[in-house]
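Novice: This is the structure, below, for whatever I ask next.
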Amino acid sequence: MPIRLHDSLTRSLKELKPAQADGVFRFYNCGPTVYAPAHIGNFRTFVVNDVIRRLLDLEFGPGKVKHVRNLTDVDDKTIKRARDEGRPLAEVTKQWTDKFHADCDALNCLRPHVEPTATGHIREQVDMIDVLMKKGNAYRAADGSVYFKVSSFDGYGRLSRVKERELRPEAVSALSGKSQAVDADEKEDATDFALWKAHKPDDGANSWDSPWGAGRPGWHIECSAMSKKHLGETIDLHTGGVDLLFPHHENEIAQSECCNGREFSHHWYHSEHLLVDGKKMSKSLGNLYTLDELIAKGFTAQTVRYALLMGHPRKQLNFTLESLHAAESALNTLRNLRKSFKTPTPAASIDRTAFDPVLAALKDDLNIPAALGSLFTIVNRNDAGTDLAAFDRVMDTLGFKLELPEAKIEIPQDIKDLAEKRWAAKQAKDWTGADALRKELHDRRWVMFDAKDGYKLEPLKR
RNA sequence: GGUGCGGUAGCCAAGUGGUAAGGCCGAGCUCUGCAAAAGCUCUAUUCGGCGGUUCGAUUCCGCCCCGCACCUCCA
């Protein structure tokens, strides 16, 4: 059964398959800007893309998928951060790249095969801009910036239907307003966008030479240049969050197709935003979570991963602390369930198809909630068989690591002492004393779980 | 104003022209000094509202109401 996935360009379900003769599936996923910790909204997209990657590996074989995800390590935000902190840009972006990697690892996201950086591909970007200049798709403004001439590309707006949109009156005035004035004055048309940004004092040392003078690449050109270098002129699948649909991906198409003279990507996929408490995350609403903050609340990264996968990727998902609790319980059920499966003997005739409906749901437009539903349905009906390998294959595809022991938590000595006291009281059948100590532990946010021959301490979850 | 996506049980969330998956919570039971864990069982005569098409609509069509997002920083 082939993988079918919604294509944002044609707005239809299309089969995923490698177009080129070598049979390698070329997958480009827009990565983060490394200037701060990514929030869980960012991670919804990366976790969804991780499931795509795993599904592709399953379908075509791990060696037949090439996954590229970029790091934007030079732009207004990264430069501002470095300037504010008085540190070199490379140092700041390294710090946040490392953090991003650590978070991705915790969430059990597979590393892409190539993770190119914008600063590592200045020449490739300059080369592309050069071609666009020569072909008449770009022009140099008086200040040395280079802009893409949107009117030179007939296909512009096909992805985002930008021509069908009408600019809101406020948006029109904003274009001639203060924040846009610097660029807008230099541009021939308000819709043109920067390929190369002439050096400004605020950029500091972050400047590279180019045929058009010192400066730095615009944001959009990096993905065009890096996907071309690592995947070739035409790729099989390009993904990102919905907000990238316009202008980022629209602009990528314009640059790449004008430069290369051929289709840029066969397939486009955009995952919807994560909402927190019903609203888009934003600093002003104070509803922006990072992985660390959720872990500090006592949840594991696996729980966060599960919660991020509870909704259909193309629908907005409302994230709440309550949904995290639901995820935690569901994951726990899965964890217990796993213990009931057995490692099959090689010769045993086992049913490897038991979980096929789960995989089928994933292959049907990445319907993760349906896949999860199907998984539990199979289990509840006792149709799961006993094959651990079949079960694990499904868990692997979803990226759930059930066998991993949870991180060791430090238990303070005084808590340990209280627990010992209670255990002794219990052994002495001093129920009143034991209950009082249990309550005391609870007040200090620890829970004691009794077993036949011992006990376990866990911090109280909030 | 334009564009797009939604409104399904207390919460989250699939789905289909033929009578509602699943998860969480909750309840009951088993087990158990208590608690927890674990296991079992139960939990929408109903799918935003009003019309229409149809033998039959939550599913198709029309209108209306409500929510969210996007409209050149943004996963």
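As shown in the structure tokens, the chain order sets the letters A, B, ...; within each chain, residues go from 1, and ligands are also counted from 1 in the order they appear.
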Using only C-alpha atoms (C1' of nucleotides), find the residues of chain B whose closest atom to chain A is at most 8 Å away, then write them as a count of residues only.

Specialist: 24

Novice: Quick one: DSSP strand (DSSP E or B) residues in segment 45-124 of chain A, as a PyMOL selection string?

Specialist: chain A and resi 65-69+71-72+114+117

Novice: Let's have the selection written as a PDB file, in the first residue's frame, with N, CA and C atoms.

Specialist:
```pdb
ATOM      1  N   VAL A  65      16.040   6.877   1.394  1.00  0.00           N
ATOM      2  CA  VAL A  65      15.431   8.154   1.741  1.00  0.00           C
ATOM      3  C   VAL A  65      16.549   9.122   2.074  1.00  0.00           C
ATOM      4  N   LYS A  66      16.516  10.297   1.465  1.00  0.00           N
ATOM      5  CA  LYS A  66      17.487  11.323   1.851  1.00  0.00           C
ATOM      6  C   LYS A  66      16.738  12.506   2.419  1.00  0.00           C
ATOM      7  N   HIS A  67      16.980  12.739   3.676  1.00  0.00           N
ATOM      8  CA  HIS A  67      16.242  13.742   4.447  1.00  0.00           C
ATOM      9  C   HIS A  67      17.167  14.914   4.759  1.00  0.00           C
ATOM     10  N   VAL A  68      16.786  16.086   4.304  1.00  0.00           N
ATOM     11  CA  VAL A  68      17.584  17.287   4.553  1.00  0.00           C
ATOM     12  C   VAL A  68      16.743  18.284   5.342  1.00  0.00           C
ATOM     13  N   ARG A  69      17.330  18.804   6.375  1.00  0.00           N
ATOM     14  CA  ARG A  69      16.642  19.853   7.137  1.00  0.00           C
ATOM     15  C   ARG A  69      17.662  20.942   7.477  1.00  0.00           C
ATOM     16  N   LEU A  71      19.310  24.633   8.900  1.00  0.00           N
ATOM     17  CA  LEU A  71      19.349  25.480  10.094  1.00  0.00           C
ATOM     18  C   LEU A  71      19.548  26.912   9.614  1.00  0.00           C
ATOM     19  N   THR A  72      18.644  27.781   9.975  1.00  0.00           N
ATOM     20  CA  THR A  72      18.804  29.184   9.618  1.00  0.00           C
ATOM     21  C   THR A  72      19.656  29.834  10.702  1.00  0.00           C
ATOM     22  N   VAL A 114      21.287  15.220   6.253  1.00  0.00           N
ATOM     23  CA  VAL A 114      22.114  16.413   6.074  1.00  0.00           C
ATOM     24  C   VAL A 114      21.399  17.562   6.768  1.00  0.00           C
ATOM     25  N   THR A 117      23.639  24.557   6.894  1.00  0.00           N
ATOM     26  CA  THR A 117      23.420  25.883   7.484  1.00  0.00           C
ATOM     27  C   THR A 117      23.506  26.961   6.409  1.00  0.00           C
TER      28      THR A 117
END
```

Novice: Show which residues sit within 10 Å of Arg123 of chain A, as number ranges by chain. Count only C-alpha atoms (C1' of nucleotides), and ignore same-chain residues fewer than 6 positions away.

Specialist: A: 129, 208-210, 217, 225

Novice: Restrict the selected residues to all heavy atoms and save them as a PDB file, in the first residue's frame.

Specialist:
```pdb
ATOM      1  N   ILE A 129      21.694  33.489  -6.977  1.00  0.00           N
ATOM      2  CA  ILE A 129      21.270  34.871  -7.200  1.00  0.00           C
ATOM      3  C   ILE A 129      21.875  35.379  -8.503  1.00  0.00           C
ATOM      4  O   ILE A 129      21.222  36.076  -9.288  1.00  0.00           O
ATOM      5  CB  ILE A 129      21.698  35.765  -6.013  1.00  0.00           C
ATOM      6  CG1 ILE A 129      21.030  35.277  -4.719  1.00  0.00           C
ATOM      7  CG2 ILE A 129      21.337  37.221  -6.279  1.00  0.00           C
ATOM      8  CD1 ILE A 129      21.557  35.942  -3.449  1.00  0.00           C
ATOM      9  N   TRP A 208      29.217  39.113   4.096  1.00  0.00           N
ATOM     10  CA  TRP A 208      29.978  38.331   3.131  1.00  0.00           C
ATOM     11  C   TRP A 208      30.091  39.115   1.826  1.00  0.00           C
ATOM     12  O   TRP A 208      29.221  39.948   1.523  1.00  0.00           O
ATOM     13  CB  TRP A 208      29.272  37.001   2.873  1.00  0.00           C
ATOM     14  CG  TRP A 208      29.315  36.071   4.042  1.00  0.00           C
ATOM     15  CD1 TRP A 208      30.221  35.064   4.248  1.00  0.00           C
ATOM     16  CD2 TRP A 208      28.416  36.037   5.174  1.00  0.00           C
ATOM     17  NE1 TRP A 208      29.939  34.421   5.442  1.00  0.00           N
ATOM     18  CE2 TRP A 208      28.853  34.988   6.034  1.00  0.00           C
ATOM     19  CE3 TRP A 208      27.313  36.792   5.566  1.00  0.00           C
ATOM     20  CZ2 TRP A 208      28.213  34.679   7.235  1.00  0.00           C
ATOM     21  CZ3 TRP A 208      26.679  36.482   6.764  1.00  0.00           C
ATOM     22  CH2 TRP A 208      27.125  35.440   7.588  1.00  0.00           C
ATOM     23  N   ASP A 209      31.130  38.821   1.087  1.00  0.00           N
ATOM     24  CA  ASP A 209      31.306  39.491  -0.205  1.00  0.00           C
ATOM     25  C   ASP A 209      30.390  38.892  -1.238  1.00  0.00           C
ATOM     26  O   ASP A 209      30.061  37.712  -1.184  1.00  0.00           O
ATOM     27  CB  ASP A 209      32.760  39.332  -0.684  1.00  0.00           C
ATOM     28  CG  ASP A 209      33.703  40.188   0.147  1.00  0.00           C
ATOM     29  OD1 ASP A 209      33.231  41.229   0.672  1.00  0.00           O
ATOM     30  OD2 ASP A 209      34.873  39.810   0.286  1.00  0.00           O
ATOM     31  N   SER A 210      30.006  39.726  -2.170  1.00  0.00           N
ATOM     32  CA  SER A 210      29.207  39.232  -3.289  1.00  0.00           C
ATOM     33  C   SER A 210      29.448  40.154  -4.465  1.00  0.00           C
ATOM     34  O   SER A 210      30.003  41.245  -4.293  1.00  0.00           O
ATOM     35  CB  SER A 210      27.721  39.239  -2.912  1.00  0.00           C
ATOM     36  OG  SER A 210      27.161  40.525  -3.140  1.00  0.00           O
ATOM     37  N   PRO A 217      22.750  36.850   2.799  1.00  0.00           N
ATOM     38  CA  PRO A 217      21.650  36.333   1.976  1.00  0.00           C
ATOM     39  C   PRO A 217      20.284  36.621   2.604  1.00  0.00           C
ATOM     40  O   PRO A 217      20.178  36.725   3.824  1.00  0.00           O
ATOM     41  CB  PRO A 217      21.912  34.830   1.935  1.00  0.00           C
ATOM     42  CG  PRO A 217      22.809  34.546   3.093  1.00  0.00           C
ATOM     43  CD  PRO A 217      23.589  35.783   3.349  1.00  0.00           C
ATOM     44  N   ALA A 225      18.893  27.161  -2.282  1.00  0.00           N
ATOM     45  CA  ALA A 225      20.290  26.812  -2.569  1.00  0.00           C
ATOM     46  C   ALA A 225      20.686  25.497  -1.911  1.00  0.00           C
ATOM     47  O   ALA A 225      21.366  24.662  -2.510  1.00  0.00           O
ATOM     48  CB  ALA A 225      21.212  27.937  -2.094  1.00  0.00           C
TER      49      ALA A 225
END
```

Novice: Near Ala36 of chain A, counting only C-alpha atoms (C1' of nucleotides), which residues have an atom at most 10 Å away, once you skip same-chain residues fewer than 3 positions from it, shown as a VMD selection string?

Specialist: chain A and resid 32 to 33 39 77 to 78 81 92 to 93 95 to 97 99 to 100

Novice: Using only C-alpha atoms, can you tell me which of A:Ala389, A:Leu110, A:Leu402, A:Ile122 comes closest to Asn332 of chain A?

Specialist: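 Among the listed residues, the smallest separation from Asn332 of chain A belongs to A:Leu402.
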
Novice: I want to know what sits within 12 Å of C47 of chain B, based on only C-alpha atoms (C1' of nucleotides), with residues of the same chain fewer than 3 positions away left out; could you give that as a list in words?

Specialist: G7, U8, A9, G15, U16, A20, A44, A57, U58 and U59 of chain B

Novice: Show me, as a ChimeraX atom specification, the residues that have an atom within 7 Å of Leu159 of chain A when counting only C-alpha atoms (C1' of nucleotides), minus same-chain residues fewer than 2 positions from it.

Specialist: /A:8-9,157,161,250

Novice: Excluding same-chain residues fewer than 5 positions from segment 48-55 of chain B, what lies within 9 Å of it counting only C-alpha atoms (C1' of nucleotides), as a list in words?

Specialist: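 Listed by chain and then number, they are G7, G17, C60, C61, G62, C63, C64, C65 and C66 of chain B.
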